[in-house]
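Student: Coordinates in input_1.tsv, TSV, C-alpha atoms, are listed below.
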```tsv
chain	number	residue	atom	x	y	z
J	1	MET	CA	20.19	-69.10	-58.86
J	2	ASN	CA	18.31	-66.38	-60.73
J	3	ALA	CA	16.88	-67.25	-64.12
J	4	ALA	CA	18.71	-65.64	-66.97
J	5	LYS	CA	16.99	-62.55	-68.26
J	6	SER	CA	15.97	-62.37	-71.88
J	7	PRO	CA	18.27	-60.04	-73.79
J	8	ALA	CA	16.87	-56.58	-74.42
J	9	PRO	CA	15.74	-56.05	-78.00
J	10	SER	CA	18.30	-54.39	-80.21
J	11	ILE	CA	17.91	-50.78	-81.26
J	12	ARG	CA	17.10	-51.97	-84.77
J	13	ALA	CA	14.36	-54.28	-83.44
J	14	ARG	CA	12.88	-51.49	-81.32
J	15	VAL	CA	12.89	-49.07	-84.24
J	16	ARG	CA	11.25	-51.68	-86.45
J	17	ALA	CA	8.56	-52.38	-83.85
J	18	GLU	CA	7.87	-48.66	-83.49
J	19	MET	CA	7.64	-48.26	-87.26
J	20	ILE	CA	5.23	-51.20	-87.56
J	21	GLY	CA	3.09	-49.68	-84.81
J	22	GLU	CA	3.03	-46.33	-86.60
J	23	ILE	CA	2.09	-47.95	-89.91
J	24	LYS	CA	-0.80	-49.73	-88.21
J	25	ARG	CA	-1.95	-46.49	-86.57
J	26	VAL	CA	-1.99	-44.59	-89.85
J	27	ALA	CA	-3.67	-47.52	-91.62
J	28	LEU	CA	-6.46	-47.48	-89.03
J	29	GLU	CA	-6.95	-43.77	-89.69
J	30	HIS	CA	-7.36	-44.61	-93.37
J	31	LEU	CA	-9.90	-47.31	-92.53
J	32	GLU	CA	-11.87	-44.87	-90.40
J	33	ARG	CA	-11.92	-42.36	-93.23
J	34	ASP	CA	-12.09	-44.54	-96.35
J	35	GLY	CA	-13.49	-47.87	-95.18
J	36	SER	CA	-11.85	-50.97	-96.61
J	37	ALA	CA	-10.15	-49.07	-99.45
J	38	LEU	CA	-6.72	-49.42	-97.87
J	39	SER	CA	-3.65	-48.52	-99.92
J	40	LEU	CA	-0.06	-49.08	-98.82
J	41	ARG	CA	1.05	-46.21	-101.03
J	42	ALA	CA	-1.41	-43.86	-99.36
J	43	VAL	CA	-0.26	-44.95	-95.90
J	44	ALA	CA	3.38	-44.42	-96.91
J	45	ARG	CA	2.55	-40.98	-98.29
J	46	ASP	CA	0.89	-39.89	-95.05
J	47	MET	CA	3.94	-41.09	-93.12
J	48	GLY	CA	6.35	-39.20	-95.37
J	49	MET	CA	7.89	-42.43	-96.63
J	50	VAL	CA	8.72	-43.41	-100.18
J	51	SER	CA	6.23	-46.07	-101.21
J	52	SER	CA	8.92	-48.73	-101.63
J	53	ALA	CA	10.00	-48.37	-97.98
J	54	ILE	CA	6.70	-49.57	-96.51
J	55	TYR	CA	7.05	-52.90	-98.31
J	56	ARG	CA	9.97	-53.76	-96.02
J	57	TYR	CA	7.46	-53.95	-93.19
J	58	PHE	CA	4.35	-55.20	-94.98
J	59	PRO	CA	4.99	-56.79	-98.39
J	60	SER	CA	1.33	-56.44	-99.39
J	61	ARG	CA	-1.93	-54.77	-98.44
J	62	ASP	CA	-3.28	-58.14	-97.34
J	63	GLU	CA	-0.44	-58.67	-94.86
J	64	LEU	CA	-1.17	-55.29	-93.31
J	65	LEU	CA	-4.89	-56.08	-93.16
J	66	THR	CA	-4.14	-59.43	-91.51
J	67	ALA	CA	-2.02	-57.72	-88.86
J	68	LEU	CA	-4.78	-55.20	-88.15
J	69	ILE	CA	-7.42	-57.93	-88.01
J	70	ILE	CA	-5.41	-60.04	-85.56
J	71	ASP	CA	-4.77	-56.98	-83.38
J	72	ALA	CA	-8.50	-56.18	-83.34
J	73	TYR	CA	-9.53	-59.73	-82.49
J	74	ASN	CA	-6.93	-59.89	-79.71
J	75	SER	CA	-7.99	-56.54	-78.30
J	76	LEU	CA	-11.66	-57.54	-78.19
J	77	GLY	CA	-10.89	-61.01	-76.84
J	78	GLU	CA	-8.75	-59.59	-74.05
J	79	ALA	CA	-11.42	-57.02	-73.14
J	80	VAL	CA	-14.16	-59.68	-72.96
J	81	GLU	CA	-12.01	-62.06	-70.94
J	82	GLN	CA	-11.13	-59.31	-68.46
J	83	ALA	CA	-14.80	-58.34	-68.15
J	84	ASP	CA	-15.79	-61.89	-67.29
J	85	GLY	CA	-12.91	-62.19	-64.85
J	86	GLY	CA	-13.86	-58.89	-63.21
J	87	VAL	CA	-17.19	-60.17	-61.87
J	88	ASP	CA	-16.53	-61.03	-58.23
J	89	ARG	CA	-18.86	-64.02	-57.88
J	90	ARG	CA	-18.11	-66.75	-60.37
J	91	ASP	CA	-21.59	-68.23	-59.79
J	92	ALA	CA	-23.23	-64.93	-60.77
J	93	TYR	CA	-23.72	-66.24	-64.29
J	94	LEU	CA	-26.27	-63.63	-65.35
J	95	SER	CA	-24.02	-60.78	-64.21
J	96	ARG	CA	-21.13	-62.30	-66.13
J	97	TRP	CA	-23.28	-62.53	-69.27
J	98	PHE	CA	-24.25	-58.87	-68.98
J	99	ALA	CA	-20.61	-57.91	-68.40
J	100	VAL	CA	-19.28	-59.66	-71.50
J	101	CYS	CA	-22.09	-58.50	-73.80
J	102	HIS	CA	-21.84	-54.88	-72.77
J	103	THR	CA	-18.06	-55.06	-73.15
J	104	VAL	CA	-18.48	-56.11	-76.78
J	105	ARG	CA	-20.82	-53.16	-77.36
J	106	ARG	CA	-18.55	-50.61	-75.67
J	107	TRP	CA	-15.50	-51.88	-77.54
J	108	ALA	CA	-17.32	-51.69	-80.87
J	109	ILE	CA	-18.61	-48.16	-80.26
J	110	ALA	CA	-15.17	-46.96	-79.17
J	111	ARG	CA	-13.38	-48.62	-82.12
J	112	PRO	CA	-15.84	-48.69	-85.02
J	113	ALA	CA	-13.20	-49.01	-87.77
J	114	GLU	CA	-11.66	-52.06	-86.11
J	115	TYR	CA	-15.09	-53.54	-85.42
J	116	ALA	CA	-16.04	-53.06	-89.07
J	117	LEU	CA	-12.78	-54.72	-90.08
J	118	ILE	CA	-13.64	-57.94	-88.23
J	119	TYR	CA	-17.46	-57.97	-88.25
J	120	GLY	CA	-18.40	-55.75	-91.17
J	121	SER	CA	-18.68	-56.49	-94.87
J	122	PRO	CA	-16.00	-58.72	-96.41
J	123	ILE	CA	-13.12	-56.77	-97.95
J	124	PRO	CA	-13.07	-57.24	-101.74
J	125	GLY	CA	-10.13	-59.37	-102.82
J	126	TYR	CA	-9.01	-60.23	-99.28
J	127	LYS	CA	-9.02	-63.81	-98.00
J	128	ALA	CA	-8.23	-64.16	-94.31
J	129	PRO	CA	-5.43	-66.66	-93.63
J	130	ASP	CA	-5.66	-69.45	-91.07
J	131	GLU	CA	-3.64	-67.40	-88.57
J	132	THR	CA	-6.74	-65.26	-87.95
J	133	ILE	CA	-8.88	-68.21	-86.84
J	134	GLU	CA	-7.65	-68.58	-83.26
J	135	PRO	CA	-7.70	-64.83	-82.44
J	136	GLY	CA	-11.13	-64.63	-84.08
J	137	ALA	CA	-12.55	-67.20	-81.68
J	138	TRP	CA	-11.13	-65.64	-78.50
J	139	ALA	CA	-13.99	-63.23	-77.70
J	140	MET	CA	-16.70	-65.79	-78.48
J	141	ILE	CA	-15.09	-68.47	-76.33
J	142	ALA	CA	-14.71	-65.95	-73.50
J	143	MET	CA	-18.38	-64.99	-73.86
J	144	ALA	CA	-19.33	-68.66	-73.64
J	145	GLN	CA	-17.53	-69.27	-70.36
J	146	CYS	CA	-20.36	-68.20	-68.07
J	147	VAL	CA	-22.84	-70.34	-70.05
J	148	ARG	CA	-20.51	-73.36	-70.03
J	149	GLU	CA	-19.97	-73.10	-66.30
J	150	ALA	CA	-23.68	-72.56	-65.57
J	151	GLU	CA	-24.56	-75.70	-67.53
J	152	ALA	CA	-21.83	-77.72	-65.84
J	153	ALA	CA	-23.14	-76.59	-62.43
J	154	GLY	CA	-26.73	-77.46	-63.35
J	155	LYS	CA	-27.79	-73.81	-63.05
J	156	LEU	CA	-29.46	-73.29	-66.44
J	157	HIS	CA	-33.21	-72.89	-65.92
J	158	VAL	CA	-34.99	-72.72	-69.26
J	159	PRO	CA	-38.33	-70.96	-68.67
J	160	GLU	CA	-41.70	-72.53	-69.35
J	161	GLY	CA	-42.84	-72.09	-72.92
J	162	ILE	CA	-39.33	-72.33	-74.35
J	163	ALA	CA	-38.87	-76.02	-74.99
J	164	PRO	CA	-35.35	-77.32	-75.69
J	165	LEU	CA	-34.72	-78.34	-79.27
J	166	PRO	CA	-35.04	-82.09	-79.86
J	167	ALA	CA	-31.96	-84.01	-80.88
J	168	THR	CA	-31.21	-83.57	-84.57
J	169	GLU	CA	-31.72	-86.45	-86.95
J	170	ASN	CA	-29.13	-84.98	-89.30
J	171	SER	CA	-26.01	-86.93	-88.36
J	172	ALA	CA	-23.64	-84.58	-90.20
J	173	TYR	CA	-25.05	-81.55	-88.36
J	174	ALA	CA	-24.97	-83.44	-85.05
J	175	GLN	CA	-21.30	-84.17	-85.62
J	176	GLU	CA	-20.66	-80.50	-86.38
J	177	LEU	CA	-22.38	-79.59	-83.13
J	178	ARG	CA	-20.16	-81.98	-81.18
J	179	ILE	CA	-17.02	-80.59	-82.81
J	180	THR	CA	-18.13	-77.02	-82.11
J	181	ALA	CA	-19.00	-77.89	-78.50
J	182	ILE	CA	-15.57	-79.35	-77.90
J	183	GLY	CA	-13.86	-76.42	-79.61
J	184	MET	CA	-15.73	-73.91	-77.44
J	185	GLY	CA	-15.24	-75.82	-74.19
J	186	PHE	CA	-18.78	-77.18	-73.78
J	187	ALA	CA	-19.56	-80.79	-72.97
J	188	GLU	CA	-19.72	-82.85	-76.14
J	189	GLU	CA	-23.49	-83.40	-75.81
J	190	SER	CA	-24.21	-79.92	-74.44
J	191	HIS	CA	-27.82	-78.70	-74.60
J	192	ALA	CA	-26.66	-75.11	-74.07
J	193	LEU	CA	-24.52	-74.80	-77.17
J	194	GLU	CA	-27.25	-74.09	-79.73
J	195	PRO	CA	-29.06	-71.51	-77.54
J	196	PHE	CA	-25.70	-69.86	-76.86
J	197	LEU	CA	-24.82	-69.69	-80.56
J	198	SER	CA	-28.23	-68.14	-81.25
J	199	ALA	CA	-27.63	-65.60	-78.49
J	200	LEU	CA	-24.17	-64.89	-79.88
J	201	THR	CA	-25.51	-64.04	-83.32
J	202	MET	CA	-28.14	-61.81	-81.71
J	203	VAL	CA	-25.52	-59.96	-79.64
J	204	PHE	CA	-23.37	-59.18	-82.63
J	205	GLY	CA	-26.44	-58.45	-84.74
J	206	ALA	CA	-27.58	-55.89	-82.16
J	207	VAL	CA	-24.12	-54.33	-82.05
J	208	ASN	CA	-23.98	-54.24	-85.85
J	209	PHE	CA	-27.32	-52.43	-86.00
J	210	GLU	CA	-25.97	-49.74	-83.71
J	211	VAL	CA	-22.45	-49.39	-85.10
J	212	PHE	CA	-23.58	-49.36	-88.73
J	213	GLY	CA	-26.39	-46.87	-88.22
J	214	ARG	CA	-29.42	-49.17	-88.44
J	215	LEU	CA	-30.85	-47.65	-85.26
J	216	ASN	CA	-30.58	-44.05	-86.46
J	217	ARG	CA	-33.95	-42.32	-86.07
J	218	VAL	CA	-35.22	-45.38	-84.22
J	219	PHE	CA	-33.74	-45.28	-80.70
J	220	THR	CA	-31.70	-42.68	-78.90
J	221	GLU	CA	-31.69	-44.78	-75.70
J	222	ARG	CA	-29.58	-47.45	-77.33
J	223	GLY	CA	-27.97	-48.68	-74.13
J	224	GLU	CA	-31.43	-49.48	-72.77
J	225	TRP	CA	-32.42	-51.17	-76.05
J	226	PHE	CA	-29.28	-53.31	-76.02
J	227	ASP	CA	-29.71	-54.18	-72.35
J	228	ARG	CA	-33.17	-55.52	-73.07
J	229	GLN	CA	-31.88	-57.65	-75.93
J	230	VAL	CA	-29.16	-59.10	-73.71
J	231	ARG	CA	-31.67	-59.89	-70.96
J	232	ASP	CA	-34.02	-61.61	-73.40
J	233	MET	CA	-31.18	-63.76	-74.72
J	234	ALA	CA	-30.19	-64.67	-71.16
J	235	VAL	CA	-33.72	-65.81	-70.34
J	236	ARG	CA	-33.87	-67.96	-73.46
J	237	MET	CA	-30.57	-69.61	-72.55
J	238	GLY	CA	-31.74	-70.23	-68.99
J	239	LEU	CA	-29.36	-67.81	-67.29
J	240	GLY	CA	-32.20	-65.67	-65.98
J	241	PRO	CA	-34.64	-66.46	-63.16
J	242	ARG	CA	-37.04	-69.37	-63.54
```
Let me see the file written as structure tokens.
Tutor:
Amino acid sequence: MNAAKSPAPSIRARVRAEMIGEIKRVALEHLERDGSALSLRAVARDMGMVSSAIYRYFPSRDELLTALIIDAYNSLGEAVEQADGGVDRRDAYLSRWFAVCHTVRRWAIARPAEYALIYGSPIPGYKAPDETIEPGAWAMIAMAQCVREAEAAGKLHVPEGIAPLPATENSAYAQELRITAIGMGFAEESHALEPFLSALTMVFGAVNFEVFGRLNRVFTERGEWFDRQVRDMAVRMGLGPR
């Protein structure tokens, strides 16, 4: 017996979904042009709507920002996860690391307004709700997968001269590390977690420098510069050759 098909969305639901999509598109144009100074009235004006009509879809600026932020996190997370999954050999941990890092960079360069929305300066007066937490972790957890699996397989080879950090004597911090390890899929007593988190901040720091113009008049060969940063991080984590 065939499973019952889900009913097709009503015309009203389809129209509403299309309208929400159009509002988001115009709002992103405003963010590209005006930064975080997003106004529902201005979005409504550009769409030819009376300002009161837009509140039926987004009751406040913050609700629209939250929707855009979740969309951006989900888009980046999906792109990173697909990049990691696209590497043919699952034991090619270094190749997977390069794939996910360069995917973050390409996504950010292609969508600078959305990148700024999730990794730029905090928006004055906006407090992100809890519903952004899980989407916000997606890309980072996907980036961690090759490191987690390399550690589990015993394939992390930290080079000479880079000694692993000793166990912390700060019990509160140690507990935070264990909680973070579990949340990101590492073993509870993982030795790779701290180097990975350091590498993560360096990846996004490097992308921020490029997206926000900190490399202007410094490098034109920015792909090469970024590639070298990613390789250095890999070596420090033990993903590179001995």
Student: Report, in Å with one decimal, the straight-line distance from atom CA of Val147 of chain J to atom CA of Met237 of chain J.
Tutor: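 Atom-to-atom, atom CA of Val147 of chain J and atom CA of Met237 of chain J are spaced 8.2 Å apart.
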Student: Distance atom CA of Glu29 of chain J-atom CA of Ile109 of chain J, one decimal place?
Tutor: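 Interatomic distance here is 15.6 Å.
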Student: How far is it from atom CA of Ala113 of chain J to atom CA of Leu31 of chain J, in Å with one decimal?
Tutor: 6.0 Å
Student: Out of J:Glu224, J:Asp62, J:Ala79, J:Ala150, which residue has the shortest atom-to-atom distance to Arg106 of chain J when counting all atoms listed in the file?
Tutor: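 Counting all atoms listed in the file, the residue closest to Arg106 of chain J is J:Ala79.
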Student: When you look at Glu63 of chain J with a cut-off of 12 Å (counting all atoms listed in the file), what residues show up, excluding the ones that are within fewer than 6 positions of it in the same chain? I need them as a PyMOL selection string.
Tutor: chain J and resi 20+24+38-40+54-57+69-70+126-129+131-132
Student: What's around Tyr119 of chain J at 10 Å? Count all atoms listed in the file, leave out sequence neighbours fewer than 2 positions away in its own chain, and write the answer as a ChimeraX atom specification.
Tutor: /J:73,108,112-117,121-122,204-205,207-208
Student: Measuring atom to atom with only C-alpha atoms, identify which of J:Pro159, J:Gly154, J:Gly125, J:Gly77 is nearest to Met140 of chain J.
Tutor: J:Gly77
